[in-house]
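Novice: Below is target14.txt; it holds compact mmCIF, C-alpha atoms.
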```txt
# COMPACT_ATOMS: atom_id res chain seq x y z
CA MET Q 19 -14.85 -20.49 -16.87
CA GLU Q 20 -17.21 -18.05 -15.22
CA ILE Q 21 -15.80 -16.09 -12.29
CA LYS Q 22 -17.86 -16.18 -9.12
CA VAL Q 23 -18.05 -12.82 -7.39
CA ILE Q 24 -18.83 -12.90 -3.68
CA LYS Q 25 -19.68 -9.82 -1.63
CA VAL Q 26 -19.28 -10.28 2.10
CA GLY Q 27 -19.09 -8.07 5.17
CA ALA Q 28 -16.15 -8.07 7.56
CA SER Q 29 -16.55 -10.31 10.59
CA VAL Q 30 -15.66 -9.13 14.05
CA PHE Q 31 -12.13 -9.65 15.22
CA GLU Q 32 -12.75 -12.27 17.93
CA GLU Q 33 -14.89 -14.44 15.71
CA ASN Q 34 -12.29 -14.16 12.99
CA GLU Q 35 -9.69 -16.18 14.90
CA LYS Q 36 -12.20 -18.97 15.42
CA ILE Q 37 -13.18 -19.17 11.76
CA ALA Q 38 -9.52 -18.99 10.70
CA GLU Q 39 -8.87 -22.04 12.85
CA GLU Q 40 -11.77 -23.88 11.18
CA VAL Q 41 -10.47 -23.00 7.72
CA LYS Q 42 -6.98 -24.15 8.68
CA LYS Q 43 -8.28 -27.49 9.98
CA PHE Q 44 -10.44 -28.02 6.91
CA LEU Q 45 -7.58 -27.39 4.49
CA LYS Q 46 -5.29 -29.62 6.52
CA SER Q 47 -7.81 -32.46 6.54
CA ARG Q 48 -7.97 -32.26 2.75
CA GLY Q 49 -4.18 -32.09 2.38
CA ILE Q 50 -4.49 -28.77 0.57
CA ILE Q 51 -1.53 -26.41 0.81
CA SER Q 52 -2.54 -22.76 0.83
CA PHE Q 53 -0.82 -19.39 0.48
CA ASN Q 54 -1.89 -15.87 1.51
CA PHE Q 55 -0.27 -13.23 -0.72
CA MET Q 56 -0.06 -9.85 0.97
CA GLY Q 57 1.70 -6.59 0.05
CA SER Q 58 1.20 -3.04 -1.16
CA PRO Q 59 -0.81 -2.22 -4.25
CA GLY Q 60 1.51 -2.58 -7.22
CA SER Q 61 4.08 -4.79 -5.48
CA GLY Q 62 3.33 -7.46 -8.08
CA LYS Q 63 1.22 -10.02 -6.24
CA THR Q 64 -1.01 -10.75 -9.24
CA THR Q 65 1.90 -10.97 -11.68
CA ILE Q 66 3.72 -13.43 -9.38
CA LEU Q 67 0.56 -15.51 -9.15
CA GLU Q 68 0.00 -15.47 -12.90
CA ARG Q 69 3.51 -16.71 -13.62
CA THR Q 70 3.30 -19.27 -10.81
CA VAL Q 71 0.00 -20.68 -12.09
CA SER Q 72 1.24 -20.76 -15.70
CA LEU Q 73 4.28 -22.82 -14.63
CA LEU Q 74 2.42 -25.23 -12.34
CA LYS Q 75 -1.04 -25.67 -13.81
CA GLU Q 76 -0.15 -28.68 -15.98
CA ASN Q 77 1.04 -30.77 -13.06
CA TYR Q 78 -0.78 -29.37 -10.06
CA ARG Q 79 -4.48 -28.86 -9.32
CA ILE Q 80 -4.70 -25.18 -8.40
CA GLY Q 81 -7.47 -22.87 -7.25
CA VAL Q 82 -7.23 -19.09 -6.81
CA ILE Q 83 -9.12 -16.72 -4.50
CA GLU Q 84 -8.75 -13.06 -5.48
CA GLY Q 85 -9.50 -10.43 -2.83
CA ASP Q 86 -10.33 -6.91 -3.99
CA ILE Q 87 -12.36 -4.03 -2.68
CA ALA Q 88 -14.48 -4.02 -5.82
CA GLY Q 89 -14.56 -5.50 -9.31
CA SER Q 90 -13.05 -8.64 -10.77
CA TYR Q 91 -10.22 -7.03 -12.69
CA ASP Q 92 -7.54 -9.37 -11.30
CA ALA Q 93 -9.63 -12.55 -11.33
CA LYS Q 94 -10.16 -12.11 -15.07
CA LYS Q 95 -6.41 -12.43 -15.61
CA PHE Q 96 -6.69 -16.10 -14.58
CA GLU Q 97 -9.43 -17.01 -17.04
CA LYS Q 98 -6.84 -17.93 -19.64
CA PHE Q 99 -5.46 -20.69 -17.40
CA LYS Q 100 -8.84 -22.45 -17.15
CA ILE Q 101 -8.48 -23.06 -13.43
CA PRO Q 102 -11.16 -22.38 -10.80
CA VAL Q 103 -11.05 -18.74 -9.62
CA VAL Q 104 -13.24 -17.00 -7.06
CA GLN Q 105 -13.31 -13.22 -6.73
CA ILE Q 106 -14.10 -11.85 -3.27
CA ASN Q 107 -15.24 -8.23 -3.08
CA THR Q 108 -14.75 -6.80 0.39
CA GLY Q 109 -17.03 -3.85 -0.33
CA GLY Q 110 -14.58 -1.28 0.99
CA ALA Q 111 -12.86 -3.36 3.66
CA CYS Q 112 -9.08 -3.05 3.56
CA HIS Q 113 -8.28 -6.75 4.08
CA LEU Q 114 -9.68 -10.25 3.69
CA ASP Q 115 -10.88 -12.01 6.80
CA ALA Q 116 -11.36 -15.69 7.60
CA ASN Q 117 -15.08 -15.65 6.87
CA MET Q 118 -14.52 -14.23 3.41
CA VAL Q 119 -11.91 -16.88 2.68
CA LYS Q 120 -14.24 -19.57 4.03
CA SER Q 121 -16.89 -18.39 1.54
CA GLY Q 122 -14.25 -18.41 -1.18
CA ILE Q 123 -13.26 -21.98 -0.40
CA GLU Q 124 -16.91 -23.08 -0.36
CA ASN Q 125 -17.13 -21.80 -3.92
CA LEU Q 126 -14.08 -23.73 -5.12
CA PRO Q 127 -14.13 -27.42 -6.15
CA VAL Q 128 -11.93 -28.34 -3.16
CA LYS Q 129 -12.08 -32.07 -3.70
CA ASP Q 130 -10.15 -31.56 -6.95
CA LEU Q 131 -7.52 -29.20 -5.52
CA GLU Q 132 -4.03 -29.56 -4.03
CA VAL Q 133 -3.03 -25.88 -3.88
CA ILE Q 134 -5.02 -22.71 -3.13
CA PHE Q 135 -3.48 -19.30 -3.71
CA VAL Q 136 -5.23 -16.40 -1.99
CA GLU Q 137 -4.42 -12.83 -3.04
CA ASN Q 138 -5.29 -10.40 -0.27
CA VAL Q 139 -6.31 -6.75 -0.73
CA GLY Q 140 -3.31 -4.57 -1.66
CA ASN Q 141 -2.29 -3.17 1.71
CA LEU Q 142 0.89 -3.52 3.77
CA VAL Q 143 -0.90 -2.84 7.06
CA CYS Q 144 -4.35 -4.32 7.69
CA PRO Q 145 -4.12 -7.86 6.22
CA ALA Q 146 -1.35 -8.59 8.74
CA GLU Q 147 -3.87 -8.26 11.57
CA PHE Q 148 -6.38 -10.77 10.22
CA GLU Q 149 -5.56 -14.46 10.22
CA ILE Q 150 -7.41 -16.06 7.27
CA GLY Q 151 -6.61 -19.70 7.91
CA THR Q 152 -4.16 -20.30 5.08
CA GLY Q 153 -0.95 -22.22 5.73
CA ILE Q 154 1.76 -19.95 4.41
CA ASN Q 155 1.84 -16.15 4.76
CA ILE Q 156 3.73 -14.28 2.06
CA VAL Q 157 4.63 -10.60 1.95
CA VAL Q 158 5.53 -9.24 -1.47
CA VAL Q 159 7.66 -6.08 -1.69
CA SER Q 160 8.98 -4.54 -4.88
CA VAL Q 161 12.46 -3.02 -4.89
CA VAL Q 162 10.98 0.29 -5.99
CA GLU Q 163 9.12 0.62 -2.68
CA GLY Q 164 12.42 1.14 -0.85
CA ASP Q 165 14.40 -0.92 1.64
CA ASP Q 166 12.92 0.76 4.73
CA LYS Q 167 9.59 -1.08 4.68
CA PRO Q 168 10.35 -3.62 7.46
CA LYS Q 169 11.14 -0.68 9.77
CA LYS Q 170 7.91 1.11 8.99
CA TYR Q 171 5.50 -1.82 8.71
CA PRO Q 172 7.06 -4.40 11.04
CA LEU Q 173 3.92 -6.46 11.80
CA MET Q 174 3.56 -7.61 8.19
CA PHE Q 175 7.11 -8.97 8.15
CA LYS Q 176 6.71 -10.47 11.60
CA ILE Q 177 3.69 -12.60 10.68
CA SER Q 178 4.99 -13.68 7.26
CA ASP Q 179 6.72 -17.01 6.54
CA ILE Q 180 8.02 -15.87 3.16
CA CYS Q 181 9.15 -12.50 1.82
CA ILE Q 182 9.26 -12.15 -1.95
CA VAL Q 183 11.36 -9.20 -3.14
CA ASN Q 184 9.96 -8.55 -6.61
CA LYS Q 185 11.03 -6.45 -9.62
CA ILE Q 186 14.75 -7.16 -9.24
CA ASP Q 187 14.97 -6.53 -13.00
CA ILE Q 188 14.86 -2.81 -12.20
CA LEU Q 189 17.02 -2.97 -9.08
CA GLU Q 190 19.71 -0.77 -10.65
CA PHE Q 191 17.19 2.04 -11.21
CA SER Q 192 16.11 2.03 -7.57
CA ASP Q 193 17.82 3.00 -4.31
CA PHE Q 194 17.03 -0.41 -2.85
CA ASN Q 195 19.90 -1.93 -0.87
CA PRO Q 196 19.30 -5.72 -0.67
CA GLU Q 197 21.74 -6.23 2.24
CA LYS Q 198 20.13 -3.46 4.29
CA PHE Q 199 16.67 -4.78 3.46
CA ASN Q 200 17.50 -8.37 4.42
CA GLU Q 201 19.06 -7.20 7.67
CA ARG Q 202 15.94 -5.16 8.49
CA VAL Q 203 13.57 -8.03 7.66
CA LEU Q 204 15.57 -10.53 9.69
CA SER Q 205 15.74 -8.19 12.69
CA VAL Q 206 11.92 -8.36 12.78
CA ASN Q 207 11.60 -12.06 11.93
CA ASP Q 208 14.68 -14.28 11.82
CA LYS Q 209 12.71 -17.30 10.56
CA ILE Q 210 11.43 -15.66 7.38
CA LYS Q 211 12.60 -17.04 4.02
CA ILE Q 212 13.47 -14.40 1.41
CA PHE Q 213 13.18 -14.85 -2.37
CA ASN Q 214 14.58 -12.21 -4.73
CA LEU Q 215 13.00 -12.47 -8.18
CA SER Q 216 11.34 -10.77 -11.10
CA ALA Q 217 7.83 -11.94 -11.93
CA LYS Q 218 8.01 -9.90 -15.13
CA THR Q 219 11.20 -11.37 -16.62
CA GLY Q 220 11.20 -14.66 -14.71
CA LYS Q 221 14.64 -14.05 -13.18
CA ASN Q 222 15.26 -16.38 -10.17
CA PHE Q 223 11.63 -17.53 -10.42
CA ASN Q 224 12.52 -21.22 -10.33
CA GLN Q 225 13.68 -21.02 -6.72
CA TRP Q 226 10.22 -19.88 -5.72
CA ILE Q 227 8.54 -22.49 -7.92
CA ASP Q 228 10.69 -25.24 -6.35
CA PHE Q 229 9.58 -24.04 -2.93
CA VAL Q 230 5.91 -24.34 -3.91
CA LYS Q 231 6.48 -27.80 -5.42
CA ASN Q 232 8.21 -28.98 -2.24
CA SER Q 233 5.34 -27.63 -0.14
CA VAL Q 234 2.73 -29.77 -1.90
CA LYS Q 235 2.12 -33.09 -0.18
CA ARG Q 236 2.02 -36.03 -2.59
CA MET A 26 15.28 20.56 16.38
CA GLU A 27 13.88 17.79 18.56
CA ILE A 28 11.11 15.70 17.00
CA LYS A 29 7.98 15.36 19.07
CA VAL A 30 6.52 11.86 19.00
CA ILE A 31 2.81 11.57 19.79
CA LYS A 32 1.04 8.27 20.40
CA VAL A 33 -2.73 8.46 20.04
CA GLY A 34 -5.60 6.03 19.68
CA ALA A 35 -8.01 6.06 16.76
CA SER A 36 -11.21 8.03 17.32
CA VAL A 37 -14.57 6.63 16.35
CA PHE A 38 -15.83 7.36 12.89
CA GLU A 39 -18.73 9.68 13.76
CA GLU A 40 -16.68 11.82 16.08
CA ASN A 41 -13.97 11.99 13.44
CA GLU A 42 -16.06 14.05 11.03
CA LYS A 43 -16.78 16.58 13.77
CA ILE A 44 -13.14 17.00 14.74
CA ALA A 45 -12.11 17.23 11.08
CA GLU A 46 -14.52 20.13 10.68
CA GLU A 47 -12.96 21.84 13.73
CA VAL A 48 -9.44 21.35 12.35
CA LYS A 49 -10.53 22.72 8.98
CA LYS A 50 -12.09 25.83 10.55
CA PHE A 51 -9.04 26.42 12.75
CA LEU A 52 -6.60 26.22 9.82
CA LYS A 53 -8.83 28.47 7.72
CA SER A 54 -9.07 31.07 10.49
CA ARG A 55 -5.27 31.17 10.62
CA GLY A 56 -4.92 31.35 6.83
CA ILE A 57 -2.84 28.15 6.85
CA ILE A 58 -2.93 26.04 3.70
CA SER A 59 -2.64 22.31 4.39
CA PHE A 60 -2.05 19.15 2.40
CA ASN A 61 -2.79 15.49 3.18
CA PHE A 62 -0.35 13.18 1.35
CA MET A 63 -1.76 9.70 0.87
CA GLY A 64 -0.60 6.69 -1.15
CA SER A 65 0.89 3.21 -0.95
CA PRO A 66 4.07 2.47 0.98
CA GLY A 67 6.97 3.28 -1.33
CA SER A 68 5.03 5.54 -3.71
CA GLY A 69 7.42 8.36 -2.76
CA LYS A 70 5.40 10.57 -0.41
CA THR A 71 8.35 11.36 1.85
CA THR A 72 10.74 12.02 -1.05
CA ILE A 73 8.22 14.41 -2.64
CA LEU A 74 7.84 16.20 0.68
CA GLU A 75 11.59 16.43 1.22
CA ARG A 76 12.18 18.01 -2.19
CA THR A 77 9.18 20.31 -1.75
CA VAL A 78 10.37 21.54 1.64
CA SER A 79 13.94 22.02 0.40
CA LEU A 80 12.67 24.23 -2.45
CA LEU A 81 10.22 26.28 -0.39
CA LYS A 82 11.69 26.55 3.09
CA GLU A 83 13.61 29.80 2.45
CA ASN A 84 10.51 31.73 1.46
CA TYR A 85 7.64 29.93 3.17
CA ARG A 86 7.00 29.07 6.80
CA ILE A 87 6.38 25.32 6.72
CA GLY A 88 5.43 22.69 9.29
CA VAL A 89 5.30 18.92 8.75
CA ILE A 90 3.22 16.22 10.43
CA GLU A 91 4.49 12.70 9.78
CA GLY A 92 2.07 9.81 10.30
CA ASP A 93 3.52 6.34 10.84
CA ILE A 94 2.48 3.21 12.63
CA ALA A 95 5.64 3.27 14.75
CA GLY A 96 9.00 5.04 14.95
CA SER A 97 10.16 8.40 13.68
CA TYR A 98 12.18 7.21 10.71
CA ASP A 99 10.57 9.64 8.24
CA ALA A 100 10.37 12.63 10.59
CA LYS A 101 14.14 12.44 11.07
CA LYS A 102 14.61 13.12 7.36
CA PHE A 103 13.28 16.65 7.94
CA GLU A 104 15.69 17.53 10.75
CA LYS A 105 18.20 18.87 8.22
CA PHE A 106 15.71 21.53 7.09
CA LYS A 107 15.36 22.98 10.59
CA ILE A 108 11.58 23.30 10.30
CA PRO A 109 9.06 22.18 12.93
CA VAL A 110 8.17 18.48 12.51
CA VAL A 111 5.77 16.36 14.55
CA GLN A 112 5.75 12.58 14.33
CA ILE A 113 2.44 10.89 15.01
CA ASN A 114 2.56 7.18 15.85
CA THR A 115 -0.78 5.51 15.26
CA GLY A 116 0.19 2.45 17.29
CA GLY A 117 -0.94 -0.01 14.63
CA ALA A 118 -3.80 1.99 13.10
CA CYS A 119 -3.71 1.99 9.31
CA HIS A 120 -4.54 5.68 8.82
CA LEU A 121 -4.41 9.08 10.49
CA ASP A 122 -7.66 10.48 11.84
CA ALA A 123 -8.74 14.02 12.62
CA ASN A 124 -7.97 13.75 16.33
CA MET A 125 -4.41 12.64 15.64
CA VAL A 126 -3.93 15.57 13.25
CA LYS A 127 -5.46 17.93 15.80
CA SER A 128 -2.86 16.74 18.34
CA GLY A 129 -0.19 17.20 15.68
CA ILE A 130 -1.26 20.77 15.02
CA GLU A 131 -1.34 21.55 18.74
CA ASN A 132 2.31 20.56 18.85
CA LEU A 133 3.31 22.83 15.96
CA PRO A 134 4.03 26.58 16.34
CA VAL A 135 0.97 27.43 14.20
CA LYS A 136 1.21 31.17 14.68
CA ASP A 137 4.46 31.09 12.69
CA LEU A 138 3.21 28.84 9.87
CA GLU A 139 1.65 29.36 6.42
CA VAL A 140 1.80 25.77 5.13
CA ILE A 141 1.33 22.40 6.85
CA PHE A 142 2.16 19.18 5.03
CA VAL A 143 0.69 16.01 6.55
CA GLU A 144 2.02 12.63 5.45
CA ASN A 145 -0.52 9.92 6.13
CA VAL A 146 0.23 6.23 6.83
CA GLY A 147 1.30 4.41 3.66
CA ASN A 148 -1.95 2.81 2.55
CA LEU A 149 -4.07 3.25 -0.59
CA VAL A 150 -7.27 2.16 1.16
CA CYS A 151 -7.98 3.29 4.72
CA PRO A 152 -6.81 6.95 4.77
CA ALA A 153 -9.41 7.69 2.07
CA GLU A 154 -12.17 6.93 4.57
CA PHE A 155 -11.00 9.33 7.26
CA GLU A 156 -11.30 13.07 6.75
CA ILE A 157 -8.48 14.74 8.73
CA GLY A 158 -9.41 18.38 8.25
CA THR A 159 -6.67 19.41 5.83
CA GLY A 160 -7.50 21.52 2.79
CA ILE A 161 -6.03 19.60 -0.11
CA ASN A 162 -6.07 15.80 -0.49
CA ILE A 163 -3.25 14.32 -2.54
CA VAL A 164 -2.86 10.74 -3.74
CA VAL A 165 0.66 9.73 -4.77
CA VAL A 166 1.11 6.80 -7.15
CA SER A 167 4.41 5.63 -8.60
CA VAL A 168 4.50 4.42 -12.20
CA VAL A 169 5.88 1.10 -10.99
CA GLU A 170 2.62 0.35 -9.15
CA GLY A 171 0.81 -0.06 -12.47
CA ASP A 172 -1.86 1.96 -14.28
CA ASP A 173 -4.79 -0.08 -12.91
CA LYS A 174 -4.85 1.47 -9.44
CA PRO A 175 -7.86 3.83 -10.00
CA LYS A 176 -9.92 0.78 -11.01
CA LYS A 177 -8.97 -1.20 -7.94
CA TYR A 178 -8.91 1.53 -5.30
CA PRO A 179 -11.46 4.05 -6.64
CA LEU A 180 -12.34 5.77 -3.34
CA MET A 181 -8.83 7.17 -2.89
CA PHE A 182 -8.94 8.81 -6.32
CA LYS A 183 -12.49 10.01 -5.78
CA ILE A 184 -11.72 11.95 -2.61
CA SER A 185 -8.41 13.40 -3.82
CA ASP A 186 -7.97 16.90 -5.28
CA ILE A 187 -4.52 16.15 -6.68
CA CYS A 188 -2.94 13.01 -8.10
CA ILE A 189 0.85 12.98 -8.24
CA VAL A 190 2.26 10.33 -10.58
CA ASN A 191 5.77 9.84 -9.25
CA LYS A 192 8.94 8.09 -10.50
CA ILE A 193 8.46 9.07 -14.16
CA ASP A 194 12.28 8.78 -14.44
CA ILE A 195 11.77 4.99 -14.61
CA LEU A 196 8.63 5.08 -16.76
CA GLU A 197 10.35 3.25 -19.60
CA PHE A 198 11.16 0.29 -17.33
CA SER A 199 7.54 -0.07 -16.24
CA ASP A 200 4.36 -1.18 -18.03
CA PHE A 201 2.62 2.03 -16.95
CA ASN A 202 0.51 3.62 -19.69
CA PRO A 203 0.01 7.32 -18.77
CA GLU A 204 -2.96 7.79 -21.15
CA LYS A 205 -4.74 4.74 -19.77
CA PHE A 206 -4.01 5.82 -16.21
CA ASN A 207 -5.27 9.38 -16.73
CA GLU A 208 -8.42 8.08 -18.37
CA ARG A 209 -9.05 5.73 -15.44
CA VAL A 210 -8.43 8.45 -12.84
CA LEU A 211 -10.68 10.94 -14.62
CA SER A 212 -13.48 8.38 -14.98
CA VAL A 213 -13.56 8.22 -11.16
CA ASN A 214 -13.01 11.95 -10.53
CA ASP A 215 -13.10 14.42 -13.42
CA LYS A 216 -12.06 17.36 -11.21
CA ILE A 217 -8.73 15.88 -10.08
CA LYS A 218 -5.52 17.63 -11.14
CA ILE A 219 -2.71 15.29 -12.24
CA PHE A 220 1.03 16.03 -11.93
CA ASN A 221 3.58 13.71 -13.54
CA LEU A 222 7.00 14.12 -11.96
CA SER A 223 10.07 12.53 -10.45
CA ALA A 224 10.85 13.48 -6.88
CA LYS A 225 14.19 11.73 -7.23
CA THR A 226 15.53 13.57 -10.30
CA GLY A 227 13.35 16.69 -10.02
CA LYS A 228 11.85 16.24 -13.49
CA ASN A 229 8.65 18.35 -13.88
CA PHE A 230 8.83 19.22 -10.20
CA ASN A 231 8.44 22.95 -10.78
CA GLN A 232 4.83 22.56 -11.94
CA TRP A 233 3.96 21.06 -8.58
CA ILE A 234 5.97 23.71 -6.70
CA ASP A 235 4.15 26.47 -8.61
CA PHE A 236 0.86 24.91 -7.59
CA VAL A 237 1.85 24.97 -3.91
CA LYS A 238 3.06 28.58 -4.19
CA ASN A 239 -0.20 29.65 -5.82
CA SER A 240 -2.18 27.90 -3.06
CA VAL A 241 -0.56 29.95 -0.29
CA LYS A 242 -2.53 33.05 0.63
CA ARG A 243 -0.35 36.15 0.99
```
As a first step, turn the structure in this file into structure tokens.
Specialist:
Amino acid sequence: MEIKVIKVGASVFEENEKIAEEVKKFLKSRGIISFNFMGSPGSGKTTILERTVSLLKENYRIGVIEGDIAGSYDAKKFEKFKIPVVQINTGGACHLDANMVKSGIENLPVKDLEVIFVENVGNLVCPAEFEIGTGINIVVVSVVEGDDKPKKYPLMFKISDICIVNKIDILEFSDFNPEKFNERVLSVNDKIKIFNLSAKTGKNFNQWIDFVKNSVKR
Amino acid sequence: MEIKVIKVGASVFEENEKIAEEVKKFLKSRGIISFNFMGSPGSGKTTILERTVSLLKENYRIGVIEGDIAGSYDAKKFEKFKIPVVQINTGGACHLDANMVKSGIENLPVKDLEVIFVENVGNLVCPAEFEIGTGINIVVVSVVEGDDKPKKYPLMFKISDICIVNKIDILEFSDFNPEKFNERVLSVNDKIKIFNLSAKTGKNFNQWIDFVKNSVKR
């Protein structure tokens, strides 16, 4: 399957909210459940998505939108799954915005889809400020980043519905304290749901997969 | 020593270049060598700085400027060294700019200093676009982030003089390929100097310390 590469400029902030609302309504009207994966470079967003798609692709109709500053390095990783993938290049911009995601959706065969996974630009700051119209916001943190992240980047944890703590397979080689981390996340957002897993080894991955399955309307 | 907390707004891009030039000239006129630490959240910027300061503080007159969105969590880690530290709060902005650093410098006892370390906001994208007037740009990457970062965030590697590959103590538990990484970094910037070290265990740290020592004009 050929990967579509879209280059789009960033829309202004006020307009963004309006377009995000349109995107949200459109996806809702189609019964499509959608996820916005955010987090630092190297937190493991792509690896989580790859494992998720590999486990669900037989039974669910999935589309992926990959957001990167340049290139289609990540989008290519989904070619093997033979699902529709759109690569968005932000051309330097540090986050996706609603207009970019709208263009991405227009380039997906939406009538055949039940789930859309969007991977935002690797950045723990800026994507939190731009609503993109997807249903479920996810922040991915790896244990190696340290347990102080909710204190230093509170907005990202505040606007997220889900927090995935990744790379628990190397927890013992890090200084990450899961209790301290959970406490810090919950002090910012007491409604957030936390998954601890390893996308590399698959440890605890089924809990996350069950959550996605339960989110799909059938 | 009390930590000064400064809250400043982001300056516009054009003005930024002008102020950066002023800062650069000022530091040069004083013979102060300065470093701008950039990199993703959790790459280990603060830990590198802590070990660096602990090794150099007896023989060098050091000041630190900590850049964070909110709080003074990192600045507090330098209290034990009894050196002058200024915390800059960007109030949401995803990077330091030259005006913020200028304010930081104005709050340091510059006449007593030879070295200023600036830690930028944790972000592999935005700080690369804003010159802050310091002499040496450093990008910190931890092995756990993956060896594809220069491909996905090329600007950061292009504008950096030094690349510190951190957390080599857990290299064997990561998929990081040092040869591939170096090749990718050098394809973006063939003048960059790469240090592989562990700020946690101190492995290879002396090479970096020697570099800092040799940079100081005496």
Novice: Near chain Q, which residues of chain A fall within 10 Å when you count all atoms listed in the file, and what do they look like as a compact mmCIF listing (two decimals) with C-alpha atoms, in the frame of the given file?
Specialist:
```
# COMPACT_ATOMS: atom_id res chain seq x y z
CA GLY A 64 -0.60 6.69 -1.15
CA SER A 65 0.89 3.21 -0.95
CA PRO A 66 4.07 2.47 0.98
CA GLY A 67 6.97 3.28 -1.33
CA SER A 68 5.03 5.54 -3.71
CA GLY A 69 7.42 8.36 -2.76
CA ASP A 93 3.52 6.34 10.84
CA ILE A 94 2.48 3.21 12.63
CA ALA A 95 5.64 3.27 14.75
CA GLY A 96 9.00 5.04 14.95
CA SER A 97 10.16 8.40 13.68
CA TYR A 98 12.18 7.21 10.71
CA ASP A 99 10.57 9.64 8.24
CA GLY A 117 -0.94 -0.01 14.63
CA ALA A 118 -3.80 1.99 13.10
CA CYS A 119 -3.71 1.99 9.31
CA HIS A 120 -4.54 5.68 8.82
CA VAL A 146 0.23 6.23 6.83
CA GLY A 147 1.30 4.41 3.66
CA ASN A 148 -1.95 2.81 2.55
CA LEU A 149 -4.07 3.25 -0.59
CA VAL A 150 -7.27 2.16 1.16
CA CYS A 151 -7.98 3.29 4.72
CA GLU A 154 -12.17 6.93 4.57
CA VAL A 166 1.11 6.80 -7.15
CA SER A 167 4.41 5.63 -8.60
CA VAL A 168 4.50 4.42 -12.20
CA VAL A 169 5.88 1.10 -10.99
CA GLU A 170 2.62 0.35 -9.15
CA GLY A 171 0.81 -0.06 -12.47
CA ASP A 172 -1.86 1.96 -14.28
CA ASP A 173 -4.79 -0.08 -12.91
CA LYS A 174 -4.85 1.47 -9.44
CA LYS A 176 -9.92 0.78 -11.01
CA LYS A 177 -8.97 -1.20 -7.94
CA TYR A 178 -8.91 1.53 -5.30
CA PRO A 179 -11.46 4.05 -6.64
CA LEU A 180 -12.34 5.77 -3.34
CA LYS A 192 8.94 8.09 -10.50
CA ASP A 194 12.28 8.78 -14.44
CA ILE A 195 11.77 4.99 -14.61
CA PHE A 198 11.16 0.29 -17.33
CA SER A 199 7.54 -0.07 -16.24
CA ASP A 200 4.36 -1.18 -18.03
CA LYS A 225 14.19 11.73 -7.23
```
Novice: Which protein, DNA or RNA residues have an atom at most 10 Å from (-6.8, -23.4, -15.5), counting all atoms listed in the file? List them as an MDAnalysis selection string.
Specialist: chainID Q and resid 19 71:72 74:76 79:82 96:103
Novice: Which residues are close to Leu114 (chain Q), i.e. within 8 Å by all atoms listed in the file, leaving aside same-chain residues fewer than 2 positions away? Reply as a PDB file with C-alpha atoms, in the coordinates of the input.
Specialist:
```pdb
ATOM      1  CA  ALA Q  28     -16.150  -8.070   7.560  1.00  0.00           C
ATOM      2  CA  GLY Q  85      -9.500 -10.430  -2.830  1.00  0.00           C
ATOM      3  CA  THR Q 108     -14.750  -6.800   0.390  1.00  0.00           C
ATOM      4  CA  ALA Q 111     -12.860  -3.360   3.660  1.00  0.00           C
ATOM      5  CA  CYS Q 112      -9.080  -3.050   3.560  1.00  0.00           C
ATOM      6  CA  ALA Q 116     -11.360 -15.690   7.600  1.00  0.00           C
ATOM      7  CA  MET Q 118     -14.520 -14.230   3.410  1.00  0.00           C
ATOM      8  CA  VAL Q 119     -11.910 -16.880   2.680  1.00  0.00           C
ATOM      9  CA  ASN Q 138      -5.290 -10.400  -0.270  1.00  0.00           C
ATOM     10  CA  VAL Q 139      -6.310  -6.750  -0.730  1.00  0.00           C
ATOM     11  CA  PRO Q 145      -4.120  -7.860   6.220  1.00  0.00           C
ATOM     12  CA  PHE Q 148      -6.380 -10.770  10.220  1.00  0.00           C
ATOM     13  CA  ILE Q 150      -7.410 -16.060   7.270  1.00  0.00           C
TER      14      ILE Q 150
END
```
Novice: Tell me which of Q:Ile83, Q:Ile180, Q:Leu215, Q:Leu73 sits closest to Ile227 (chain Q), counting all atoms listed in the file.
Specialist: Q:Leu73
Novice: Could you tell me how far CA of Ile217 (chain A) lies from CA of Val140 (chain A), in Å and to one decimal?
Specialist: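 Interatomic distance here is 21.0 Å.
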Novice: Which residues are close to Lys242 (chain A), i.e. within 9 Å by all atoms listed in the file, leaving aside same-chain residues fewer than 4 positions away? Reply as a PDB file with C-alpha atoms, in the frame of the given file.
Specialist:
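What follows is the written file out_24.pdb:
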```pdb
ATOM      1  CA  GLY A  56      -4.920  31.350   6.830  1.00  0.00           C
ATOM      2  CA  ILE A  57      -2.840  28.150   6.850  1.00  0.00           C
ATOM      3  CA  ILE A  58      -2.930  26.040   3.700  1.00  0.00           C
ATOM      4  CA  GLU A 139       1.650  29.360   6.420  1.00  0.00           C
ATOM      5  CA  LYS A 238       3.060  28.580  -4.190  1.00  0.00           C
TER       6      LYS A 238
END
```
Novice: Using CA of Lys198 (chain Q) and CA of Ile177 (chain Q) as the two end points, give the distance in Å to one decimal.
Specialist: 19.9 Å
Novice: What is the distance, in Å and to one decimal place, between CA of Val230 (chain Q) and CA of Phe53 (chain Q)?
Specialist: 9.4 Å
Novice: Can you report as lines of an AutoDock Vina configuration file the centre and edge lengths in Å, to one decimal, of an axis-aligned box around the listed atoms of region 107-113 of chain A padded with 3 Å on each side?
Specialist:
```
center_x = 8.9
center_y = 17.1
center_z = 12.7
size_x = 18.9
size_y = 18.4
size_z = 10.7
```
Novice: Select, counting only C-alpha atoms, all protein, DNA and RNA residues no farther than 6 Å from (-0.6, 14.9, 5.2) in file coordinates, and express the selection as an mmCIF file with C-alpha atoms, keeping the file's coordinate frame.
Specialist:
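Generated output (selection-v8.cif):
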```cif
data_model
loop_
_atom_site.group_PDB
_atom_site.id
_atom_site.type_symbol
_atom_site.label_atom_id
_atom_site.label_comp_id
_atom_site.auth_asym_id
_atom_site.auth_seq_id
_atom_site.Cartn_x
_atom_site.Cartn_y
_atom_site.Cartn_z
ATOM 1 C CA PHE A 60 -2.050 19.150 2.400
ATOM 2 C CA ASN A 61 -2.790 15.490 3.180
ATOM 3 C CA PHE A 62 -0.350 13.180 1.350
ATOM 4 C CA PHE A 142 2.160 19.180 5.030
ATOM 5 C CA VAL A 143 0.690 16.010 6.550
ATOM 6 C CA GLU A 144 2.020 12.630 5.450
ATOM 7 C CA ASN A 145 -0.520 9.920 6.130
#
```
